[in-house]
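> After the structure tokens below, expect a handful of questions from me.
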Amino acid sequence: MDTGTVDAYLRRIGCERPPRLDVDALPTLQERHLDAVPFENLSIHLGEPIVLEVDALVDKIVRRRRGGFCYELNGAFGALLEALGFPVTLMAARVYGEGDTLGPPFDHLVLRVDLAEAHLVDVGFGAFSRRPLRLAERERQSDPAGWFRLVDADHGDIDVVMNGNRVYQVDLRPRALGDFEATCWWQQTSPASHFAQTLTCSLPTPSGRVTLSGDRLIRTEDGQRTERRLESDAEILAAYEDCFGIHLDRLPTNPAPAPRDG
């Protein structure tokens with residue numbers, strides 16, 4: 001990533017180039033990214049190919065001002081951190097589902113950033129930690145999103161627990177971005193993939209979160225959840241623009257929206 005692209009990326013997330021590569025700079029970059037770049041899977045439902053190459057990911061997030069899901073968000077953010085000089089390693093994780101069953105290998109992509117100690121960084125899981133988690137720490141770690149704990153699992157893996165619930169299991173071996181291509185394709189095409197079956201676009205707000213799922217605009221403010229059904233295609237397109245800064249010239253077409261009342 002060249003200097004001009006790094007500067008454009010930093011402008012995209014509203015962040016200055018850090019004067020030092022330390023444990024103070026990393027949380028700021030992570031939080032600014034989470035606040036600026038939506039977690040969304042619109043490309044799957046717009047028929048847009050998801051290309052797991054750094055240039056394509058950065059183009060989508062920076063120049064097209066879109067978001068993405070884990071492979072895109074953490075892939076691009078890892079490239080930004082590396083361009084700034086942070087030591088970054090890609091790692092694979094498997095997401096816990098109902099009954100604490102694990103998803104497929106390479107289900108999720110996370111980042112390891114090595115400073116004075118190793119940190120787990122994740123800007124691609126939606127509602128998750130806002131600050132880096134210390135990889136070697138096994139006691140509770142406080143975060144604006146709640147509390148987290150990293151627990152040793154089988155085969156040297158690590159379970160990540162959020163507010164008492166196991167979220168995903170991290171394999172600590174280094175990976176390349178291309179290692180995630182097969183599962184990324186599965187996430188886009190399989191009937192078993194929730195990304196292929198549901199639409200989501202989501203960002204944190206100062207007191208909660210805003211999510212657009214199909215024609216449902218969901219806001220959580222200070223723990224109170226409200227939901228509103230948007231009445232027209234024009235209103236949905238306007239919500240993408242107003243809430244997430246995403247300009248679309250057409251609606252995502254799959255899955256079909258639920259029938260509107262009346």
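Residue numbering restarts at 1 in every chain; chains get A, B, ... in the order shown in the structure tokens, and ligands count up from 1 in that same order.
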Excluding segment 53-67 of chain A and residues on its chain fewer than 4 positions from it, collect all residues at most 12 Å away from it, counting only C-alpha atoms, and give them as number ranges by chain.

A: 1-2, 4-14, 33-43, 48-49, 71-80, 82-83, 123-126, 176-181, 200-203, 240-241, 244-248

> Sorted by chain and rising residue number, list the residues of segment 164-220 of chain A at most 10 Å from segment 98-106 of chain A (counting only C-alpha atoms), each with its closest atom pair and distance in Å to one decimal, as a tab-separated table.


residue	atom	partner	partner_atom	distance
A:Asn165	CA	A:Asp100	CA	9.1
A:Arg166	CA	A:Asp100	CA	7.4
A:Val167	CA	A:Asp100	CA	8.8
A:Tyr168	CA	A:Leu102	CA	7.8
A:Gln169	CA	A:Leu102	CA	8.0
A:Val170	CA	A:Phe106	CA	9.6
A:Asp171	CA	A:Phe106	CA	9.2
A:Arg175	CA	A:Phe106	CA	9.7
A:Asp179	CA	A:Phe106	CA	7.8
A:Phe180	CA	A:Phe106	CA	5.8
A:Glu181	CA	A:Phe106	CA	8.9
A:Ala182	CA	A:Phe106	CA	8.5
A:Thr183	CA	A:Phe106	CA	6.1
A:Cys184	CA	A:Phe106	CA	8.3
A:Trp186	CA	A:Pro104	CA	9.8
A:Ser193	CA	A:Gly103	CA	9.9

> So what do you get for atom CA of Ser207 of chain A versus atom CA of Glu31 of chain A, distance-wise?

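Answer for the atom CA of Ser207 of chain A to atom CA of Glu31 of chain A separation: 14.2 Å.
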
> Between atom CA of Ala153 of chain A and atom CA of Arg94 of chain A, what is the spacing in Å?

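Between atom CA of Arg94 of chain A and atom CA of Ala153 of chain A the gap works out to 12.3 Å.
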
> Give me the residues near Ser142 of chain A as a list in words, where near means some atom within 12 Å (using only C-alpha atoms) and where sequence neighbours in that chain fewer than 4 positions away do not count.

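That gives Ser129, Arg130, Arg131, Pro132, Leu133, Arg134, Glu137, Gly146, Trp147, Phe148, Arg149, Leu150, Val161, Met162 and Asn163 of chain A.
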
> Would you put the residues from that selection into a file with N, CA, C and O atoms, as a compact mmCIF listing (two decimals), in the first residue's frame?


# COMPACT_ATOMS: atom_id res chain seq x y z
N SER A 129 -15.46 -6.61 20.49
CA SER A 129 -14.60 -5.72 21.27
C SER A 129 -14.20 -4.50 20.45
O SER A 129 -13.92 -4.59 19.26
N ARG A 130 -14.16 -3.37 21.11
CA ARG A 130 -13.77 -2.13 20.43
C ARG A 130 -12.28 -1.88 20.54
O ARG A 130 -11.74 -1.03 19.82
N ARG A 131 -11.63 -2.60 21.42
CA ARG A 131 -10.19 -2.39 21.63
C ARG A 131 -9.46 -3.74 21.52
O ARG A 131 -10.06 -4.80 21.69
N PRO A 132 -8.16 -3.69 21.26
CA PRO A 132 -7.40 -4.94 21.16
C PRO A 132 -7.47 -5.75 22.46
O PRO A 132 -7.54 -5.19 23.56
N LEU A 133 -7.45 -7.06 22.31
CA LEU A 133 -7.43 -7.97 23.45
C LEU A 133 -6.03 -8.57 23.57
O LEU A 133 -5.45 -8.98 22.56
N ARG A 134 -5.50 -8.65 24.77
CA ARG A 134 -4.17 -9.21 24.99
C ARG A 134 -4.23 -10.72 24.84
O ARG A 134 -4.96 -11.39 25.58
N GLU A 137 -3.23 -12.95 27.96
CA GLU A 137 -3.98 -12.74 29.20
C GLU A 137 -5.13 -13.74 29.30
O GLU A 137 -5.88 -13.94 28.34
N GLY A 146 -18.15 -4.63 26.76
CA GLY A 146 -18.44 -5.62 27.80
C GLY A 146 -17.15 -6.21 28.33
O GLY A 146 -16.11 -5.54 28.38
N TRP A 147 -17.20 -7.47 28.75
CA TRP A 147 -15.98 -8.12 29.21
C TRP A 147 -15.66 -9.33 28.35
O TRP A 147 -16.55 -9.99 27.82
N PHE A 148 -14.37 -9.58 28.22
CA PHE A 148 -13.87 -10.66 27.37
C PHE A 148 -12.90 -11.51 28.17
O PHE A 148 -12.23 -11.04 29.09
N ARG A 149 -12.83 -12.77 27.76
CA ARG A 149 -11.85 -13.66 28.35
C ARG A 149 -11.36 -14.62 27.28
O ARG A 149 -12.15 -15.13 26.49
N LEU A 150 -10.06 -14.83 27.24
CA LEU A 150 -9.45 -15.78 26.31
C LEU A 150 -9.12 -17.04 27.08
O LEU A 150 -8.45 -16.99 28.13
N VAL A 161 -14.30 -15.51 24.67
CA VAL A 161 -15.57 -15.42 25.39
C VAL A 161 -15.95 -13.96 25.55
O VAL A 161 -15.13 -13.14 25.99
N MET A 162 -17.18 -13.62 25.17
CA MET A 162 -17.69 -12.25 25.30
C MET A 162 -18.90 -12.25 26.21
O MET A 162 -19.89 -12.92 25.93
N ASN A 163 -18.80 -11.53 27.33
CA ASN A 163 -19.92 -11.43 28.27
C ASN A 163 -20.48 -12.80 28.65
O ASN A 163 -21.69 -13.00 28.78

> Which residues in segment 66-190 of chain A does DSSP call helix (DSSP H, G or I)? List them as a PyMOL selection string.

chain A and resi 70-84+98-100+154-156+177-189

> Kindly save the residues from that selection, with N, CA and C atoms included, as a short mmCIF file (atom, residue, chain, number, x, y, z; two decimals), in the first residue's frame.


data_model
loop_
_atom_site.label_atom_id
_atom_site.label_comp_id
_atom_site.auth_asym_id
_atom_site.auth_seq_id
_atom_site.Cartn_x
_atom_site.Cartn_y
_atom_site.Cartn_z
N CYS A 70 -15.99 -10.11 7.47
CA CYS A 70 -14.70 -10.27 8.16
C CYS A 70 -13.50 -10.32 7.24
N TYR A 71 -13.59 -11.11 6.15
CA TYR A 71 -12.44 -11.26 5.27
C TYR A 71 -12.03 -9.92 4.67
N GLU A 72 -13.03 -9.11 4.34
CA GLU A 72 -12.77 -7.82 3.73
C GLU A 72 -12.28 -6.80 4.75
N LEU A 73 -13.00 -6.68 5.87
CA LEU A 73 -12.67 -5.65 6.85
C LEU A 73 -11.34 -5.91 7.53
N ASN A 74 -11.15 -7.12 8.03
CA ASN A 74 -9.88 -7.42 8.69
C ASN A 74 -8.74 -7.56 7.69
N GLY A 75 -9.05 -8.04 6.47
CA GLY A 75 -8.01 -8.10 5.44
C GLY A 75 -7.49 -6.73 5.10
N ALA A 76 -8.39 -5.77 4.89
CA ALA A 76 -7.97 -4.40 4.55
C ALA A 76 -7.32 -3.70 5.74
N PHE A 77 -7.92 -3.85 6.93
CA PHE A 77 -7.35 -3.17 8.11
C PHE A 77 -5.97 -3.73 8.44
N GLY A 78 -5.79 -5.05 8.28
CA GLY A 78 -4.47 -5.63 8.49
C GLY A 78 -3.44 -5.05 7.54
N ALA A 79 -3.85 -4.84 6.28
CA ALA A 79 -2.94 -4.24 5.30
C ALA A 79 -2.59 -2.80 5.66
N LEU A 80 -3.59 -2.05 6.18
CA LEU A 80 -3.31 -0.69 6.62
C LEU A 80 -2.32 -0.69 7.79
N LEU A 81 -2.57 -1.53 8.79
CA LEU A 81 -1.66 -1.58 9.94
C LEU A 81 -0.25 -1.95 9.50
N GLU A 82 -0.15 -2.92 8.60
CA GLU A 82 1.16 -3.34 8.12
C GLU A 82 1.86 -2.22 7.38
N ALA A 83 1.11 -1.46 6.56
CA ALA A 83 1.69 -0.33 5.84
C ALA A 83 2.17 0.76 6.79
N LEU A 84 1.50 0.89 7.93
CA LEU A 84 1.93 1.87 8.93
C LEU A 84 3.15 1.39 9.70
N GLU A 98 -25.31 -22.29 17.44
CA GLU A 98 -26.23 -22.83 18.44
C GLU A 98 -25.68 -24.11 19.04
N GLY A 99 -25.86 -24.25 20.33
CA GLY A 99 -25.37 -25.44 21.02
C GLY A 99 -23.86 -25.50 21.12
N ASP A 100 -23.21 -24.35 20.99
CA ASP A 100 -21.75 -24.27 21.04
C ASP A 100 -21.09 -25.15 19.99
N ASP A 154 -8.49 -26.93 22.91
CA ASP A 154 -7.72 -28.06 22.42
C ASP A 154 -6.77 -27.64 21.30
N HIS A 155 -5.67 -28.39 21.17
CA HIS A 155 -4.73 -28.26 20.06
C HIS A 155 -4.06 -26.87 19.99
N GLY A 156 -3.98 -26.20 21.15
CA GLY A 156 -3.33 -24.90 21.19
C GLY A 156 -4.19 -23.75 20.72
N LEU A 177 -4.00 -14.30 3.10
CA LEU A 177 -5.36 -13.91 2.72
C LEU A 177 -5.99 -14.93 1.77
N GLY A 178 -5.20 -15.48 0.87
CA GLY A 178 -5.73 -16.46 -0.07
C GLY A 178 -6.21 -17.74 0.58
N ASP A 179 -5.76 -18.03 1.80
CA ASP A 179 -6.21 -19.23 2.50
C ASP A 179 -7.71 -19.20 2.80
N PHE A 180 -8.31 -18.00 2.79
CA PHE A 180 -9.71 -17.85 3.16
C PHE A 180 -10.65 -17.86 1.95
N GLU A 181 -10.10 -18.01 0.74
CA GLU A 181 -10.92 -17.88 -0.46
C GLU A 181 -12.03 -18.93 -0.54
N ALA A 182 -11.71 -20.18 -0.23
CA ALA A 182 -12.72 -21.25 -0.36
C ALA A 182 -13.89 -21.02 0.59
N THR A 183 -13.60 -20.68 1.84
CA THR A 183 -14.70 -20.47 2.79
C THR A 183 -15.43 -19.17 2.50
N CYS A 184 -14.71 -18.17 1.99
CA CYS A 184 -15.38 -16.93 1.58
C CYS A 184 -16.39 -17.23 0.47
N TRP A 185 -16.02 -18.08 -0.47
CA TRP A 185 -16.95 -18.48 -1.53
C TRP A 185 -18.14 -19.23 -0.92
N TRP A 186 -17.88 -20.13 0.03
CA TRP A 186 -18.95 -20.87 0.70
C TRP A 186 -19.90 -19.90 1.41
N GLN A 187 -19.34 -18.90 2.06
CA GLN A 187 -20.20 -17.94 2.76
C GLN A 187 -21.12 -17.20 1.80
N GLN A 188 -20.67 -17.01 0.55
CA GLN A 188 -21.47 -16.28 -0.43
C GLN A 188 -22.53 -17.15 -1.10
N THR A 189 -22.34 -18.46 -1.12
CA THR A 189 -23.17 -19.31 -1.98
C THR A 189 -23.93 -20.42 -1.27
#

> Just how far from atom CA of Arg216 of chain A is atom CA of Arg229 of chain A, in Å to one decimal?

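If I compute the distance from atom CA of Arg229 of chain A to atom CA of Arg216 of chain A, I get 4.8 Å.
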
> Give the strand (DSSP E or B) residues of segment 15-157 of chain A, as DSSP finds them on the backbone, and put them as a ChimeraX atom specification.

/A:39-40,68,88-96,102,108-114,118-121,133-134,141-143,146-152

> May I ask which of the residues A:Phe69, A:Gln141, A:Arg173, A:Gly85 is the closest one to Arg112 of chain A, counting only C-alpha atoms?

A:Arg173
